[in-house]
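Below is the file my_file-v5.cif, which contains mmCIF, C-alpha atoms.
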```
data_protein
#
loop_
_atom_site.label_atom_id
_atom_site.label_comp_id
_atom_site.auth_asym_id
_atom_site.auth_seq_id
_atom_site.Cartn_x
_atom_site.Cartn_y
_atom_site.Cartn_z
CA MET F 985 -20.33 19.34 -159.04
CA THR F 986 -23.00 21.75 -157.87
CA THR F 987 -23.51 23.74 -154.68
CA TRP F 988 -26.98 25.09 -153.87
CA PHE F 989 -27.96 28.16 -151.86
CA ILE F 990 -31.45 28.96 -150.57
CA SER F 991 -33.00 31.37 -148.07
CA ASP F 992 -36.26 32.93 -146.96
CA LEU F 993 -38.39 29.82 -147.35
CA HIS F 994 -40.53 30.87 -144.36
CA LEU F 995 -41.80 27.33 -143.95
CA SER F 996 -44.80 27.00 -141.66
CA PRO F 997 -47.65 24.56 -140.91
CA ALA F 998 -49.95 26.92 -142.86
CA ARG F 999 -48.04 26.31 -146.10
CA PRO F 1000 -47.78 22.55 -146.67
CA ASP F 1001 -47.29 23.26 -150.38
CA MET F 1002 -44.00 25.03 -149.66
CA THR F 1003 -42.88 22.26 -147.33
CA ALA F 1004 -43.62 19.72 -150.07
CA LEU F 1005 -41.65 21.78 -152.59
CA PHE F 1006 -38.73 21.94 -150.16
CA GLN F 1007 -38.83 18.17 -149.69
CA ARG F 1008 -38.80 17.63 -153.46
CA PHE F 1009 -35.86 19.98 -153.83
CA LEU F 1010 -33.89 18.08 -151.19
CA GLN F 1011 -34.66 14.73 -152.82
CA GLU F 1012 -34.24 15.65 -156.47
CA GLN F 1013 -31.63 18.41 -156.61
CA ALA F 1014 -29.76 18.78 -153.32
CA SER F 1015 -29.21 15.03 -152.95
CA HIS F 1016 -26.98 15.07 -156.06
CA SER F 1017 -24.98 18.12 -155.02
CA GLU F 1018 -21.68 18.83 -153.31
CA ALA F 1019 -23.29 20.94 -150.56
CA LEU F 1020 -26.38 22.92 -149.58
CA TYR F 1021 -26.30 26.27 -147.79
CA ILE F 1022 -29.43 27.65 -146.12
CA LEU F 1023 -28.92 31.36 -145.46
CA GLY F 1024 -31.62 32.04 -142.90
CA ASP F 1025 -35.38 32.19 -142.52
CA LEU F 1026 -35.84 28.51 -143.31
CA PHE F 1027 -38.82 28.82 -140.98
CA ASP F 1028 -41.39 31.56 -140.71
CA ALA F 1029 -40.92 31.30 -136.95
CA TRP F 1030 -38.74 28.83 -135.05
CA ILE F 1031 -39.74 28.73 -131.41
CA GLY F 1032 -36.97 26.49 -130.13
CA ASP F 1033 -35.37 23.11 -130.68
CA ASP F 1034 -37.84 21.54 -128.26
CA ASP F 1035 -40.68 22.04 -130.77
CA THR F 1036 -42.42 18.65 -130.89
CA SER F 1037 -44.93 19.44 -133.63
CA ASP F 1038 -45.44 17.19 -136.64
CA PHE F 1039 -44.40 20.08 -138.87
CA ALA F 1040 -41.04 20.50 -137.13
CA ALA F 1041 -40.45 16.75 -137.26
CA THR F 1042 -41.24 16.65 -140.99
CA VAL F 1043 -38.75 19.37 -141.91
CA GLN F 1044 -36.04 18.02 -139.63
CA GLY F 1045 -36.60 14.51 -140.96
CA ALA F 1046 -36.22 15.70 -144.55
CA LEU F 1047 -32.92 17.39 -143.70
CA ARG F 1048 -31.65 14.31 -141.86
CA GLN F 1049 -32.43 12.16 -144.90
CA LEU F 1050 -30.24 14.44 -146.99
CA THR F 1051 -27.31 14.63 -144.57
CA ASN F 1052 -27.46 10.83 -144.14
CA THR F 1053 -26.57 10.52 -147.84
CA GLY F 1054 -23.34 12.37 -147.18
CA VAL F 1055 -24.34 15.78 -148.56
CA PRO F 1056 -23.19 18.47 -146.10
CA VAL F 1057 -25.83 21.06 -145.21
CA TYR F 1058 -24.87 24.39 -143.69
CA PHE F 1059 -27.14 26.91 -141.99
CA ILE F 1060 -26.85 30.59 -141.09
CA ALA F 1061 -29.61 31.97 -138.87
CA GLY F 1062 -32.09 34.53 -140.17
CA ASN F 1063 -34.28 36.98 -138.33
CA ARG F 1064 -37.07 34.37 -138.13
CA ASP F 1065 -35.10 31.35 -136.93
CA PHE F 1066 -32.23 32.63 -134.80
CA LEU F 1067 -33.32 30.31 -131.98
CA ILE F 1068 -32.11 27.26 -133.89
CA GLY F 1069 -29.47 25.61 -131.76
CA ARG F 1070 -27.41 22.55 -130.99
CA ARG F 1071 -30.30 20.11 -130.66
CA PHE F 1072 -31.57 21.01 -134.12
CA SER F 1073 -28.09 20.49 -135.49
CA GLU F 1074 -27.77 17.09 -133.82
CA THR F 1075 -31.22 15.99 -135.01
CA THR F 1076 -30.74 17.02 -138.63
CA GLY F 1077 -27.00 16.75 -139.17
CA VAL F 1078 -27.02 20.38 -140.34
CA GLN F 1079 -23.92 22.40 -139.44
CA VAL F 1080 -24.72 25.85 -138.02
CA LEU F 1081 -22.23 28.48 -139.19
CA PRO F 1082 -21.46 31.84 -137.59
CA GLU F 1083 -22.70 34.94 -139.38
CA PRO F 1084 -21.05 36.09 -141.48
CA SER F 1085 -18.81 33.32 -142.81
CA VAL F 1086 -16.31 33.21 -145.65
CA ILE F 1087 -16.23 29.94 -147.59
CA ASN F 1088 -14.04 28.68 -150.40
CA LEU F 1089 -16.50 28.27 -153.26
CA TYR F 1090 -14.69 26.54 -156.11
CA GLY F 1091 -11.53 28.47 -155.44
CA GLN F 1092 -13.17 31.85 -154.84
CA PRO F 1093 -13.49 33.22 -151.29
CA THR F 1094 -17.18 34.01 -150.86
CA LEU F 1095 -18.90 35.87 -148.04
CA ILE F 1096 -22.22 34.34 -146.97
CA LEU F 1097 -24.75 35.83 -144.57
CA HIS F 1098 -28.49 36.22 -144.09
CA GLY F 1099 -28.35 39.83 -145.18
CA ASP F 1100 -30.28 41.78 -142.57
CA THR F 1101 -27.10 43.32 -141.14
CA LEU F 1102 -26.59 45.05 -144.50
CA CYS F 1103 -29.90 46.93 -144.18
CA THR F 1104 -28.42 49.73 -142.09
CA GLU F 1105 -30.96 52.33 -143.26
CA ASP F 1106 -33.62 50.45 -141.28
CA VAL F 1107 -32.47 51.89 -137.96
CA SER F 1108 -35.42 50.67 -135.89
CA TYR F 1109 -34.93 47.10 -137.08
CA GLN F 1110 -31.20 47.19 -136.34
CA ARG F 1111 -31.95 48.32 -132.77
CA PHE F 1112 -34.50 45.54 -132.37
CA ARG F 1113 -32.08 42.99 -133.83
CA LYS F 1114 -29.37 43.96 -131.35
CA VAL F 1115 -31.74 43.40 -128.43
CA ILE F 1116 -33.48 40.23 -129.61
CA ARG F 1117 -30.19 38.53 -130.54
CA HIS F 1118 -28.60 39.19 -127.14
CA ARG F 1119 -27.76 35.87 -125.51
CA TRP F 1120 -29.69 36.70 -122.34
CA VAL F 1121 -32.82 37.60 -124.33
CA LYS F 1122 -32.54 34.36 -126.28
CA LYS F 1123 -32.12 32.46 -123.03
CA PHE F 1124 -35.22 34.14 -121.62
CA LEU F 1125 -37.28 33.33 -124.71
CA LEU F 1126 -36.26 29.68 -124.66
CA ALA F 1127 -37.14 29.47 -120.95
CA LEU F 1128 -40.77 30.32 -121.71
CA PRO F 1129 -43.18 27.35 -121.76
CA LEU F 1130 -43.36 25.67 -125.17
CA LYS F 1131 -47.12 26.24 -125.45
CA LEU F 1132 -46.66 29.96 -124.84
CA ARG F 1133 -43.93 30.16 -127.49
CA MET F 1134 -46.22 28.33 -129.91
CA ARG F 1135 -48.99 30.87 -129.30
CA ILE F 1136 -46.54 33.73 -129.83
CA ALA F 1137 -45.40 32.20 -133.12
CA THR F 1138 -49.01 31.78 -134.27
CA LYS F 1139 -49.74 35.44 -133.54
CA LEU F 1140 -46.61 36.56 -135.37
CA ARG F 1141 -47.59 34.56 -138.46
CA ALA F 1142 -51.11 35.99 -138.38
CA SER F 1143 -49.73 39.51 -137.99
CA SER F 1144 -47.42 39.14 -140.99
CA LYS F 1145 -50.35 38.04 -143.16
CA THR F 1146 -52.43 41.11 -142.31
CA GLN F 1147 -49.71 43.68 -142.94
CA LYS F 1148 -50.34 46.12 -145.77
CA PRO F 1149 -48.06 46.00 -148.84
CA LEU F 1150 -44.95 48.06 -148.29
CA SER F 1151 -44.39 51.26 -150.25
CA GLU F 1152 -41.38 51.66 -152.51
CA ALA F 1153 -39.84 54.02 -149.97
CA GLN F 1154 -40.25 51.42 -147.21
CA LEU F 1155 -38.77 48.71 -149.42
CA GLN F 1156 -35.79 50.94 -150.17
CA ILE F 1157 -35.10 51.50 -146.47
CA MET F 1158 -35.31 47.76 -145.87
CA ASP F 1159 -32.91 46.96 -148.73
CA ALA F 1160 -29.16 46.45 -148.43
CA ASP F 1161 -27.27 49.72 -148.08
CA GLU F 1162 -24.57 50.30 -150.69
CA HIS F 1163 -22.07 51.62 -148.15
CA ALA F 1164 -22.61 48.63 -145.85
CA VAL F 1165 -22.18 46.26 -148.78
CA ARG F 1166 -18.88 47.81 -149.83
CA GLU F 1167 -17.63 47.80 -146.25
CA ALA F 1168 -18.41 44.08 -146.01
CA PHE F 1169 -16.51 43.35 -149.22
CA VAL F 1170 -13.47 45.29 -148.04
CA TYR F 1171 -13.47 44.05 -144.44
CA HIS F 1172 -13.67 40.38 -145.44
CA ASP F 1173 -11.38 40.86 -148.46
CA VAL F 1174 -13.68 39.07 -150.92
CA GLN F 1175 -15.12 39.80 -154.33
CA ARG F 1176 -18.25 37.68 -154.07
CA MET F 1177 -21.09 37.82 -151.58
CA ILE F 1178 -24.29 35.75 -151.30
CA HIS F 1179 -27.21 36.66 -149.06
CA GLY F 1180 -30.98 36.69 -148.74
CA HIS F 1181 -33.40 38.61 -146.49
CA THR F 1182 -34.42 41.39 -148.90
CA HIS F 1183 -36.55 39.11 -151.11
CA ARG F 1184 -35.15 40.85 -154.20
CA PRO F 1185 -33.31 38.17 -156.19
CA LYS F 1186 -30.70 39.71 -158.44
CA VAL F 1187 -27.01 39.70 -159.30
CA HIS F 1188 -25.42 43.06 -158.43
CA HIS F 1189 -21.99 44.34 -159.39
CA HIS F 1190 -20.13 46.80 -157.17
CA ARG F 1191 -16.96 48.79 -157.76
CA LEU F 1192 -14.72 48.59 -154.72
CA PRO F 1193 -12.47 51.42 -153.44
CA ASN F 1194 -9.44 49.77 -155.07
CA GLY F 1195 -11.20 49.85 -158.44
CA GLU F 1196 -11.88 46.12 -158.61
CA MET F 1197 -15.37 44.77 -159.32
CA ALA F 1198 -17.26 42.56 -156.87
CA GLU F 1199 -20.37 40.43 -157.32
CA ARG F 1200 -23.28 40.28 -154.86
CA ILE F 1201 -25.93 37.62 -155.42
CA VAL F 1202 -29.26 38.11 -153.63
CA LEU F 1203 -31.44 35.04 -153.11
CA GLY F 1204 -35.19 35.05 -153.61
CA ASP F 1205 -38.00 34.13 -151.23
CA TRP F 1206 -40.37 31.16 -151.36
CA TYR F 1207 -43.73 32.90 -151.05
CA THR F 1208 -45.12 32.01 -154.49
CA GLN F 1209 -42.37 29.79 -155.91
CA GLY F 1210 -39.17 28.03 -155.07
CA SER F 1211 -36.03 30.13 -155.46
CA PHE F 1212 -32.52 28.70 -155.69
CA LEU F 1213 -28.96 29.66 -156.51
CA LYS F 1214 -27.02 26.99 -158.37
CA VAL F 1215 -23.25 27.43 -158.32
CA THR F 1216 -20.68 25.37 -160.20
CA ALA F 1217 -16.99 25.88 -160.85
CA VAL F 1218 -17.81 27.77 -164.05
CA GLU F 1219 -21.08 29.64 -163.44
CA SER F 1220 -23.81 30.68 -161.03
CA GLN F 1221 -27.51 30.75 -161.85
CA LEU F 1222 -30.59 32.05 -160.02
CA ILE F 1223 -33.49 29.65 -160.59
CA THR F 1224 -37.19 29.78 -159.75
CA THR F 1225 -39.51 26.78 -159.65
CA PRO F 1226 -43.31 27.07 -159.67
CA LEU F 1227 -45.26 25.25 -157.02
CA ASN F 1228 -46.91 22.96 -159.55
CA ASN F 1229 -43.57 21.86 -161.04
CA ASP F 1230 -43.08 18.21 -160.12
CA SER F 1231 -39.98 17.72 -162.22
#
```
Reformat the file's structure so that it appears as structure tokens.
Amino acid sequence: MTTWFISDLHLSPARPDMTALFQRFLQEQASHSEALYILGDLFDAWIGDDDTSDFAATVQGALRQLTNTGVPVYFIAGNRDFLIGRRFSETTGVQVLPEPSVINLYGQPTLILHGDTLCTEDVSYQRFRKVIRHRWVKKFLLALPLKLRMRIATKLRASSKTQKPLSEAQLQIMDADEHAVREAFVYHDVQRMIHGHTHRPKVHHHRLPNGEMAERIVLGDWYTQGSFLKVTAVESQLITTPLNNDS
């Protein structure tokens, strides 16, 4: 059997091509799998489970079709969709997991998370994250009128499109910190970790304080292609799929 992992799709009404690719993936690959894990930033901006847009209904409907077949789908919130809640779970059948979580992946304990908590060098972001994820702040945001939240989301998407390309130094600060990664391995007593957020798909190997080696798999984003991690009992494989690939 196969278990799939994806993250950083950043689905939005402005990218129907990515939504279509996601739907094809659910129908053609995920539907024949043992489980699907979505490790955050499924959406470019999720404004609340009361979103009544056609776009929100399309994505939720695609997920419900998959879970109705008996394939379990698990979700860990990212920095773009941390407002996903119980109603979304009930509508889609997706199980929301706490971050981080340790799962038994074909006999190997595996730590899964979005990945932004590993980027400890980005001090300003970590401060912002602590505030925006506070339960009272989330409650305040969800209490805002839906139309206002929709306007805020539109502005955030427009802002992200106009940002200048990041320098290598900026990218380095925003990447996972080696010390934080090792601490996570040791604290959770695992030798495999899977996360997204950094948009730098790669398999890393880390030597732990006890001398043992650990594997960290970073998922890719969906800006110009589909990016997946396929895991079986014998191997794991990072896969990319071009937008024009209908197979």
Quick one: residues within 7 Å of Arg1176 (chain F), all atoms listed in the file counted, chain neighbours fewer than 6 positions away excluded, as a CSV table (one decimal) with C-alpha atoms, keeping the file's coordinate frame?
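File produced: selection_32.csv:
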```csv
chain,number,residue,atom,x,y,z
F,1094,THR,CA,-17.2,34.0,-150.9
F,1095,LEU,CA,-18.9,35.9,-148.0
F,1198,ALA,CA,-17.3,42.6,-156.9
F,1199,GLU,CA,-20.4,40.4,-157.3
F,1200,ARG,CA,-23.3,40.3,-154.9
```
Sphere at (-24.5, 37.9, -142.0), radius 9 Å, counting only C-alpha atoms: residues as an NGL selection string: :F and (1023 or 1060-1062 or 1082-1085 or 1095-1102 or 1179)
For CA of Ile1178 (chain F) and CA of Val1202 (chain F), quote the distance in Å rounded to one decimal.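 For CA of Ile1178 (chain F) relative to CA of Val1202 (chain F), the distance reads 6.0 Å.
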Check the smallest atom-to-atom distance from each of F:Thr1138, F:Thr1208, F:Gln1175, F:Gln1079 to Tyr1021 (chain F) using all atoms listed in the file, then report the winner. F:Gln1079
Answer key for the PyMOL selection byres ((chain F and resi 1226) around 12), residues as a PyMOL selection string: chain F and resi 1001-1002+1005-1006+1009+1206-1212+1223-1225+1227-1231
Write the residues of the selection above to a file with C-alpha atoms, as a short mmCIF file (atom, residue, chain, number, x, y, z; two decimals), keeping the file's coordinate frame.
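Generated output (again_26.cif):
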```cif
data_model
loop_
_atom_site.label_atom_id
_atom_site.label_comp_id
_atom_site.auth_asym_id
_atom_site.auth_seq_id
_atom_site.Cartn_x
_atom_site.Cartn_y
_atom_site.Cartn_z
CA ASP F 1001 -47.29 23.26 -150.38
CA MET F 1002 -44.00 25.03 -149.66
CA LEU F 1005 -41.65 21.78 -152.59
CA PHE F 1006 -38.73 21.94 -150.16
CA PHE F 1009 -35.86 19.98 -153.83
CA TRP F 1206 -40.37 31.16 -151.36
CA TYR F 1207 -43.73 32.90 -151.05
CA THR F 1208 -45.12 32.01 -154.49
CA GLN F 1209 -42.37 29.79 -155.91
CA GLY F 1210 -39.17 28.03 -155.07
CA SER F 1211 -36.03 30.13 -155.46
CA PHE F 1212 -32.52 28.70 -155.69
CA ILE F 1223 -33.49 29.65 -160.59
CA THR F 1224 -37.19 29.78 -159.75
CA THR F 1225 -39.51 26.78 -159.65
CA LEU F 1227 -45.26 25.25 -157.02
CA ASN F 1228 -46.91 22.96 -159.55
CA ASN F 1229 -43.57 21.86 -161.04
CA ASP F 1230 -43.08 18.21 -160.12
CA SER F 1231 -39.98 17.72 -162.22
#
```
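Between CA of Tyr1058 (chain F) and CA of Val1080 (chain F) the interatomic distance comes to 5.9 Å.
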Residues matched by the PyMOL selection byres ((chain F and resi 1015) around 12) as JSON, numbers by chain: {"F": [985, 986, 987, 988, 1007, 1008, 1009, 1010, 1011, 1012, 1013, 1014, 1016, 1017, 1018, 1019, 1020, 1046, 1047, 1048, 1049, 1050, 1051, 1052, 1053, 1054, 1055, 1056, 1057]}
Quick one: write out the picked residues with C-alpha atoms as a tab-separated table (two decimals), in the frame of the given file?
```
chain	number	residue	atom	x	y	z
F	985	MET	CA	-20.33	19.34	-159.04
F	986	THR	CA	-23.00	21.75	-157.87
F	987	THR	CA	-23.51	23.74	-154.68
F	988	TRP	CA	-26.98	25.09	-153.87
F	1007	GLN	CA	-38.83	18.17	-149.69
F	1008	ARG	CA	-38.80	17.63	-153.46
F	1009	PHE	CA	-35.86	19.98	-153.83
F	1010	LEU	CA	-33.89	18.08	-151.19
F	1011	GLN	CA	-34.66	14.73	-152.82
F	1012	GLU	CA	-34.24	15.65	-156.47
F	1013	GLN	CA	-31.63	18.41	-156.61
F	1014	ALA	CA	-29.76	18.78	-153.32
F	1016	HIS	CA	-26.98	15.07	-156.06
F	1017	SER	CA	-24.98	18.12	-155.02
F	1018	GLU	CA	-21.68	18.83	-153.31
F	1019	ALA	CA	-23.29	20.94	-150.56
F	1020	LEU	CA	-26.38	22.92	-149.58
F	1046	ALA	CA	-36.22	15.70	-144.55
F	1047	LEU	CA	-32.92	17.39	-143.70
F	1048	ARG	CA	-31.65	14.31	-141.86
F	1049	GLN	CA	-32.43	12.16	-144.90
F	1050	LEU	CA	-30.24	14.44	-146.99
F	1051	THR	CA	-27.31	14.63	-144.57
F	1052	ASN	CA	-27.46	10.83	-144.14
F	1053	THR	CA	-26.57	10.52	-147.84
F	1054	GLY	CA	-23.34	12.37	-147.18
F	1055	VAL	CA	-24.34	15.78	-148.56
F	1056	PRO	CA	-23.19	18.47	-146.10
F	1057	VAL	CA	-25.83	21.06	-145.21
```
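Nearest to Leu1026 (chain F) of all the residues F:Arg999, F:Arg1064, F:Arg1117, F:Lys1123 is F:Arg1064, based on only C-alpha atoms.
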For Arg1071 (chain F), which of F:Asn1088, F:Leu1222, F:Ser991, F:Gly1032 is the closest residue, counting all atoms listed in the file? F:Gly1032
Which residues, written as a list in words, have at least one atom at most 12 Å from Val1121 (chain F), with all atoms listed in the file counted and residues fewer than 6 positions away on the same chain left out? Phe1066, Leu1067, Phe1112, Arg1113, Lys1114, Val1115, Ala1127 and Leu1128 of chain F
Which residue, F:Asn1063, F:Phe1072, F:Ala1004, F:Ser996, has the smallest gap to Phe1027 (chain F) when you use all atoms listed in the file?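 Nearest candidate to Phe1027 (chain F) out of F:Asn1063, F:Phe1072, F:Ala1004, F:Ser996: F:Ser996.
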Neighbour list for Thr1182 (chain F) as a PyMOL selection string, cut-off 9 Å, all atoms listed in the file, skip fewer than 4 positions in-chain: chain F and resi 992+1099-1100+1103+1155+1158-1160+1202-1205
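Take the candidates F:Gln1156, F:Trp1030, F:Lys1122, F:Leu1089 and check each one against Lys1214 (chain F) using all atoms listed in the file; the shortest distance goes to F:Leu1089.
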Could you check which of F:Ala1137, F:Ile1087, F:Val1174, F:Val1107 is closest to Ala998 (chain F), using all atoms listed in the file? F:Ala1137
Interatomic distance between CA of Leu993 (chain F) and CA of Gly1024 (chain F)?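 It comes out at 8.4 Å.
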Taking all atoms of region 993-996 of chain F that the file lists and extending 8 Å past them on each side, where is the centre of the axis-aligned box and how long are its edges? Answer in Å to one decimal, as AutoDock Vina command-line options.
```
--center_x -41.6 --center_y 28.9 --center_z -144.5 --size_x 22.4 --size_y 19.9 --size_z 21.7
```
Reconstruct N, CA, C and O atoms of region 1089-1101 of chain F; output as a compact mmCIF listing (two decimals), keeping the file's coordinate frame.
```
# COMPACT_ATOMS: atom_id res chain seq x y z
N LEU F 1089 -15.50 28.78 -152.31
CA LEU F 1089 -16.50 28.27 -153.26
C LEU F 1089 -15.84 28.10 -154.62
O LEU F 1089 -15.69 29.04 -155.38
N TYR F 1090 -15.38 26.87 -154.86
CA TYR F 1090 -14.69 26.54 -156.11
C TYR F 1090 -13.51 27.47 -156.37
O TYR F 1090 -13.32 28.00 -157.46
N GLY F 1091 -12.74 27.69 -155.32
CA GLY F 1091 -11.53 28.47 -155.44
C GLY F 1091 -11.70 29.96 -155.21
O GLY F 1091 -10.70 30.69 -155.16
N GLN F 1092 -12.94 30.42 -155.06
CA GLN F 1092 -13.17 31.85 -154.84
C GLN F 1092 -13.69 32.10 -153.43
O GLN F 1092 -14.77 31.61 -153.06
N PRO F 1093 -12.97 32.87 -152.62
CA PRO F 1093 -13.49 33.22 -151.29
C PRO F 1093 -14.82 33.95 -151.43
O PRO F 1093 -14.94 34.92 -152.19
N THR F 1094 -15.83 33.48 -150.72
CA THR F 1094 -17.18 34.01 -150.86
C THR F 1094 -17.78 34.28 -149.48
O THR F 1094 -17.79 33.40 -148.62
N LEU F 1095 -18.27 35.48 -149.30
CA LEU F 1095 -18.90 35.87 -148.04
C LEU F 1095 -20.37 35.46 -148.08
O LEU F 1095 -21.08 35.79 -149.03
N ILE F 1096 -20.82 34.74 -147.05
CA ILE F 1096 -22.22 34.34 -146.97
C ILE F 1096 -22.81 34.84 -145.66
O ILE F 1096 -22.17 34.82 -144.62
N LEU F 1097 -24.05 35.30 -145.73
CA LEU F 1097 -24.75 35.83 -144.57
C LEU F 1097 -26.23 35.88 -144.88
O LEU F 1097 -26.64 35.73 -146.05
N HIS F 1098 -27.05 36.09 -143.84
CA HIS F 1098 -28.49 36.22 -144.09
C HIS F 1098 -28.79 37.49 -144.86
O HIS F 1098 -29.57 37.48 -145.81
N GLY F 1099 -28.20 38.59 -144.44
CA GLY F 1099 -28.35 39.83 -145.18
C GLY F 1099 -28.97 40.98 -144.42
O GLY F 1099 -28.87 42.13 -144.85
N ASP F 1100 -29.60 40.69 -143.28
CA ASP F 1100 -30.28 41.78 -142.57
C ASP F 1100 -29.30 42.79 -141.98
O ASP F 1100 -29.65 43.96 -141.81
N THR F 1101 -28.07 42.38 -141.68
CA THR F 1101 -27.10 43.32 -141.14
C THR F 1101 -26.65 44.35 -142.17
O THR F 1101 -26.07 45.37 -141.82
```
